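For reference, the structure discussed in these notes is given below.
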Amino acid sequence: MSEKSKIVAIIQGKCPQCREGSLFQFGAYQLGRFTKVHKNCPKCGVAFEKEPRFFDGSMYISYALSVGLFLISALIIYTFFHPVSEDIYMIAIISEVIVLYPLMFRYSRIFYLYIFGDLKYNANATKD
Ligand SMILES: [Zn+2]
């Protein structure tokens, strides 16, 4: 079994400990189910939620991602389409938030788990 890099594991939403088990139960665009997180890693069994409501802190990361998205979008619109009305900025940013919401939600949780989950990579991690 080849060793997966941390970056690839983050992009794929994998467990920080084994980098094999998925954090989420369903795909990002299975609307209505994309928020479901496994309680434990399906491969190594480590608990993803350290305490009840552990992932509530990920809303700060979600906020930071949203602000970054707004700034980049505004900069692109300003650079390539200036002058345009403020309505164009609003429509573009609101559309992006709606379309990218599942990804923003998931990556905020993935980043939060990698930063605050206190899980170290262990190539030999198994369920038993
Ligand atoms: Zn795992």
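Every chain in the structure tokens has a letter given in the order shown (A, B, ...), and although residue numbers restart at 1 in each chain, ligands are simply numbered from 1 in the order shown.
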
Where does stretch 9-63 of chain A meet stretch 92-105 of chain A within 8 Å, residue by residue, with the nearest atom pair and distance in Å to one decimal for each, counting only C-alpha atoms, listed by chain and rising number, as JSON lines?
{"residue": "A:Ala28", "atom": "CA", "partner": "A:Pro102", "partner_atom": "CA", "distance": 5.7}
{"residue": "A:Tyr29", "atom": "CA", "partner": "A:Pro102", "partner_atom": "CA", "distance": 6.6}
{"residue": "A:Phe34", "atom": "CA", "partner": "A:Pro102", "partner_atom": "CA", "distance": 6.9}
{"residue": "A:Thr35", "atom": "CA", "partner": "A:Phe105", "partner_atom": "CA", "distance": 7.7}
{"residue": "A:Ser62", "atom": "CA", "partner": "A:Met104", "partner_atom": "CA", "distance": 6.3}

Suppose we keep N, CA, C and O atoms; can you now write the selection as a PDB file, in the first residue's frame?
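Resulting contents of selection32.pdb:
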ATOM      1  N   ALA A  28     -19.983  15.204  -1.696  1.00  0.00           N
ATOM      2  CA  ALA A  28     -20.187  16.625  -1.388  1.00  0.00           C
ATOM      3  C   ALA A  28     -21.482  17.161  -1.985  1.00  0.00           C
ATOM      4  O   ALA A  28     -22.093  18.066  -1.429  1.00  0.00           O
ATOM      5  N   TYR A  29     -21.907  16.640  -3.120  1.00  0.00           N
ATOM      6  CA  TYR A  29     -23.104  17.181  -3.758  1.00  0.00           C
ATOM      7  C   TYR A  29     -24.302  16.245  -3.664  1.00  0.00           C
ATOM      8  O   TYR A  29     -25.217  16.318  -4.464  1.00  0.00           O
ATOM      9  N   PHE A  34     -24.727  15.575   2.672  1.00  0.00           N
ATOM     10  CA  PHE A  34     -23.302  15.861   2.581  1.00  0.00           C
ATOM     11  C   PHE A  34     -22.675  16.274   3.911  1.00  0.00           C
ATOM     12  O   PHE A  34     -21.465  16.293   4.035  1.00  0.00           O
ATOM     13  N   THR A  35     -23.509  16.590   4.933  1.00  0.00           N
ATOM     14  CA  THR A  35     -22.966  17.008   6.229  1.00  0.00           C
ATOM     15  C   THR A  35     -22.653  15.842   7.156  1.00  0.00           C
ATOM     16  O   THR A  35     -22.050  16.038   8.198  1.00  0.00           O
ATOM     17  N   SER A  62     -14.765  28.141   8.388  1.00  0.00           N
ATOM     18  CA  SER A  62     -15.715  28.383   7.304  1.00  0.00           C
ATOM     19  C   SER A  62     -15.836  29.879   7.024  1.00  0.00           C
ATOM     20  O   SER A  62     -15.865  30.310   5.866  1.00  0.00           O
TER      21      SER A  62
END

* To do: May I have the residues within 10 Å of ligand 1, computed using only C-alpha atoms and all ligand atoms, as a list in words?
  =>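 I would give the residues around ligand 1 as Lys14, Cys15, Pro16, Gln17, Cys18, Arg19, Glu20, Gly21, Ser22, Leu23, Asn40, Cys41, Pro42, Lys43, Cys44, Gly45, Val46, Ala47, Phe48, Leu119, Tyr121, Asn122, Ala123, Ala125, Thr126 and Lys127 of chain A.
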
Selected residues written out with N, CA and C atoms, as a compact mmCIF listing (two decimals), in the first residue's frame:
# COMPACT_ATOMS: atom_id res chain seq x y z
N LYS A 14 -9.76 12.58 3.95
CA LYS A 14 -9.47 11.31 4.63
C LYS A 14 -9.07 11.53 6.08
N CYS A 15 -9.10 10.46 6.84
CA CYS A 15 -8.74 10.45 8.26
C CYS A 15 -7.30 10.92 8.47
N PRO A 16 -7.05 11.82 9.45
CA PRO A 16 -5.68 12.28 9.68
C PRO A 16 -4.76 11.16 10.20
N GLN A 17 -5.32 10.16 10.84
CA GLN A 17 -4.48 9.12 11.44
C GLN A 17 -4.05 8.06 10.43
N CYS A 18 -4.97 7.53 9.63
CA CYS A 18 -4.60 6.47 8.69
C CYS A 18 -4.56 6.97 7.24
N ARG A 19 -5.18 8.10 6.97
CA ARG A 19 -5.25 8.71 5.63
C ARG A 19 -5.95 7.79 4.62
N GLU A 20 -6.75 6.86 5.12
CA GLU A 20 -7.46 5.93 4.24
C GLU A 20 -8.98 6.06 4.40
N GLY A 21 -9.46 6.13 5.63
CA GLY A 21 -10.90 6.18 5.89
C GLY A 21 -11.47 7.56 5.61
N SER A 22 -12.66 7.61 5.04
CA SER A 22 -13.29 8.88 4.72
C SER A 22 -13.89 9.53 5.96
N LEU A 23 -13.77 10.85 6.03
CA LEU A 23 -14.38 11.60 7.12
C LEU A 23 -15.90 11.65 6.92
N ASN A 40 -16.59 7.41 13.81
CA ASN A 40 -15.25 6.84 13.89
C ASN A 40 -14.75 6.56 12.49
N CYS A 41 -13.45 6.55 12.33
CA CYS A 41 -12.86 6.25 11.03
C CYS A 41 -13.25 4.84 10.60
N PRO A 42 -13.76 4.67 9.37
CA PRO A 42 -14.14 3.33 8.92
C PRO A 42 -12.95 2.39 8.76
N LYS A 43 -11.73 2.92 8.64
CA LYS A 43 -10.55 2.07 8.47
C LYS A 43 -9.84 1.77 9.78
N CYS A 44 -9.49 2.83 10.55
CA CYS A 44 -8.69 2.62 11.76
C CYS A 44 -9.50 2.74 13.04
N GLY A 45 -10.73 3.24 12.97
CA GLY A 45 -11.60 3.27 14.13
C GLY A 45 -11.42 4.45 15.07
N VAL A 46 -10.50 5.36 14.77
CA VAL A 46 -10.28 6.50 15.66
C VAL A 46 -11.53 7.39 15.67
N ALA A 47 -11.83 7.97 16.84
CA ALA A 47 -13.00 8.85 16.95
C ALA A 47 -12.68 10.20 16.33
N PHE A 48 -13.53 10.66 15.40
CA PHE A 48 -13.32 11.96 14.77
C PHE A 48 -13.77 13.09 15.70
N LEU A 119 -4.65 14.35 16.06
CA LEU A 119 -4.43 13.02 15.53
C LEU A 119 -3.14 13.02 14.72
N TYR A 121 -0.36 11.04 12.19
CA TYR A 121 -0.35 10.00 11.16
C TYR A 121 0.35 8.76 11.67
N ASN A 122 -0.27 7.61 11.42
CA ASN A 122 0.30 6.31 11.78
C ASN A 122 -0.01 5.36 10.64
N ALA A 123 1.02 5.03 9.88
CA ALA A 123 0.83 4.19 8.68
C ALA A 123 0.28 2.81 9.03
N ALA A 125 -1.93 2.15 11.44
CA ALA A 125 -3.19 2.23 12.21
C ALA A 125 -4.23 1.30 11.61
N THR A 126 -4.78 0.42 12.44
CA THR A 126 -5.87 -0.45 12.02
C THR A 126 -6.93 -0.44 13.11
N LYS A 127 -8.08 -1.04 12.79
CA LYS A 127 -9.21 -1.00 13.71
C LYS A 127 -8.95 -1.75 15.00

* Asked: Running DSSP on the backbone, which parts of chain A land in strand (DSSP E or B), as a ChimeraX atom specification?
  -> /A:14,22,24,37,40,47

* To do: Quick one: pull the distance between atom CA of A:Phe80 and atom CA of A:Tyr107, Å, one decimal.
  =>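 For atom CA of A:Phe80 relative to atom CA of A:Tyr107, the distance reads 28.3 Å.
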
* Run DSSP on the backbone of this structure and report the residues of stretch 33-118 of chain A it assigns to alpha helix (DSSP H), as a PyMOL selection string. => chain A and resi 58-81+86-116

Can I get the selection written as a PDB file, in the first residue's frame, with C-alpha atoms?
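Resulting contents of result.pdb:
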ATOM      1  CA  SER A  58     -15.058  24.735  12.281  1.00  0.00           C
ATOM      2  CA  MET A  59     -17.458  27.623  11.659  1.00  0.00           C
ATOM      3  CA  TYR A  60     -14.528  29.990  12.267  1.00  0.00           C
ATOM      4  CA  ILE A  61     -12.607  28.282   9.490  1.00  0.00           C
ATOM      5  CA  SER A  62     -15.715  28.383   7.304  1.00  0.00           C
ATOM      6  CA  TYR A  63     -15.931  32.121   7.943  1.00  0.00           C
ATOM      7  CA  ALA A  64     -12.280  32.598   6.980  1.00  0.00           C
ATOM      8  CA  LEU A  65     -12.795  30.568   3.777  1.00  0.00           C
ATOM      9  CA  SER A  66     -15.863  32.664   2.928  1.00  0.00           C
ATOM     10  CA  VAL A  67     -14.017  35.939   3.456  1.00  0.00           C
ATOM     11  CA  GLY A  68     -11.152  34.657   1.282  1.00  0.00           C
ATOM     12  CA  LEU A  69     -13.637  33.679  -1.436  1.00  0.00           C
ATOM     13  CA  PHE A  70     -15.305  37.104  -1.285  1.00  0.00           C
ATOM     14  CA  LEU A  71     -11.998  38.926  -1.559  1.00  0.00           C
ATOM     15  CA  ILE A  72     -10.709  36.820  -4.453  1.00  0.00           C
ATOM     16  CA  SER A  73     -14.027  37.117  -6.305  1.00  0.00           C
ATOM     17  CA  ALA A  74     -14.195  40.872  -5.807  1.00  0.00           C
ATOM     18  CA  LEU A  75     -10.591  41.256  -6.951  1.00  0.00           C
ATOM     19  CA  ILE A  76     -11.210  39.191 -10.105  1.00  0.00           C
ATOM     20  CA  ILE A  77     -14.391  41.111 -10.959  1.00  0.00           C
ATOM     21  CA  TYR A  78     -12.679  44.430 -10.317  1.00  0.00           C
ATOM     22  CA  THR A  79      -9.583  43.519 -12.338  1.00  0.00           C
ATOM     23  CA  PHE A  80     -11.302  42.098 -15.405  1.00  0.00           C
ATOM     24  CA  PHE A  81     -14.758  43.690 -15.530  1.00  0.00           C
ATOM     25  CA  GLU A  86     -22.438  46.611  -7.185  1.00  0.00           C
ATOM     26  CA  ASP A  87     -25.254  44.255  -8.165  1.00  0.00           C
ATOM     27  CA  ILE A  88     -22.825  42.210 -10.243  1.00  0.00           C
ATOM     28  CA  TYR A  89     -20.546  41.772  -7.233  1.00  0.00           C
ATOM     29  CA  MET A  90     -23.493  40.682  -5.087  1.00  0.00           C
ATOM     30  CA  ILE A  91     -24.896  38.264  -7.681  1.00  0.00           C
ATOM     31  CA  ALA A  92     -21.483  36.703  -8.326  1.00  0.00           C
ATOM     32  CA  ILE A  93     -20.612  36.261  -4.654  1.00  0.00           C
ATOM     33  CA  ILE A  94     -24.043  34.947  -3.631  1.00  0.00           C
ATOM     34  CA  SER A  95     -23.975  32.474  -6.539  1.00  0.00           C
ATOM     35  CA  GLU A  96     -20.521  31.260  -5.534  1.00  0.00           C
ATOM     36  CA  VAL A  97     -21.589  30.777  -1.919  1.00  0.00           C
ATOM     37  CA  ILE A  98     -24.631  28.743  -2.966  1.00  0.00           C
ATOM     38  CA  VAL A  99     -22.695  26.564  -5.421  1.00  0.00           C
ATOM     39  CA  LEU A 100     -19.629  26.102  -3.210  1.00  0.00           C
ATOM     40  CA  TYR A 101     -21.424  25.758   0.136  1.00  0.00           C
ATOM     41  CA  PRO A 102     -21.044  21.955   0.373  1.00  0.00           C
ATOM     42  CA  LEU A 103     -17.314  22.200  -0.344  1.00  0.00           C
ATOM     43  CA  MET A 104     -16.790  25.104   2.080  1.00  0.00           C
ATOM     44  CA  PHE A 105     -18.682  23.216   4.780  1.00  0.00           C
ATOM     45  CA  ARG A 106     -16.670  20.048   4.303  1.00  0.00           C
ATOM     46  CA  TYR A 107     -13.248  21.637   3.983  1.00  0.00           C
ATOM     47  CA  SER A 108     -13.823  23.757   7.077  1.00  0.00           C
ATOM     48  CA  ARG A 109     -14.437  20.536   9.026  1.00  0.00           C
ATOM     49  CA  ILE A 110     -11.509  18.748   7.405  1.00  0.00           C
ATOM     50  CA  PHE A 111      -9.128  21.630   8.193  1.00  0.00           C
ATOM     51  CA  TYR A 112     -10.497  21.869  11.727  1.00  0.00           C
ATOM     52  CA  LEU A 113      -9.964  18.158  12.332  1.00  0.00           C
ATOM     53  CA  TYR A 114      -6.400  18.303  10.978  1.00  0.00           C
ATOM     54  CA  ILE A 115      -5.541  21.417  13.037  1.00  0.00           C
ATOM     55  CA  PHE A 116      -7.345  20.718  16.333  1.00  0.00           C
TER      56      PHE A 116
END
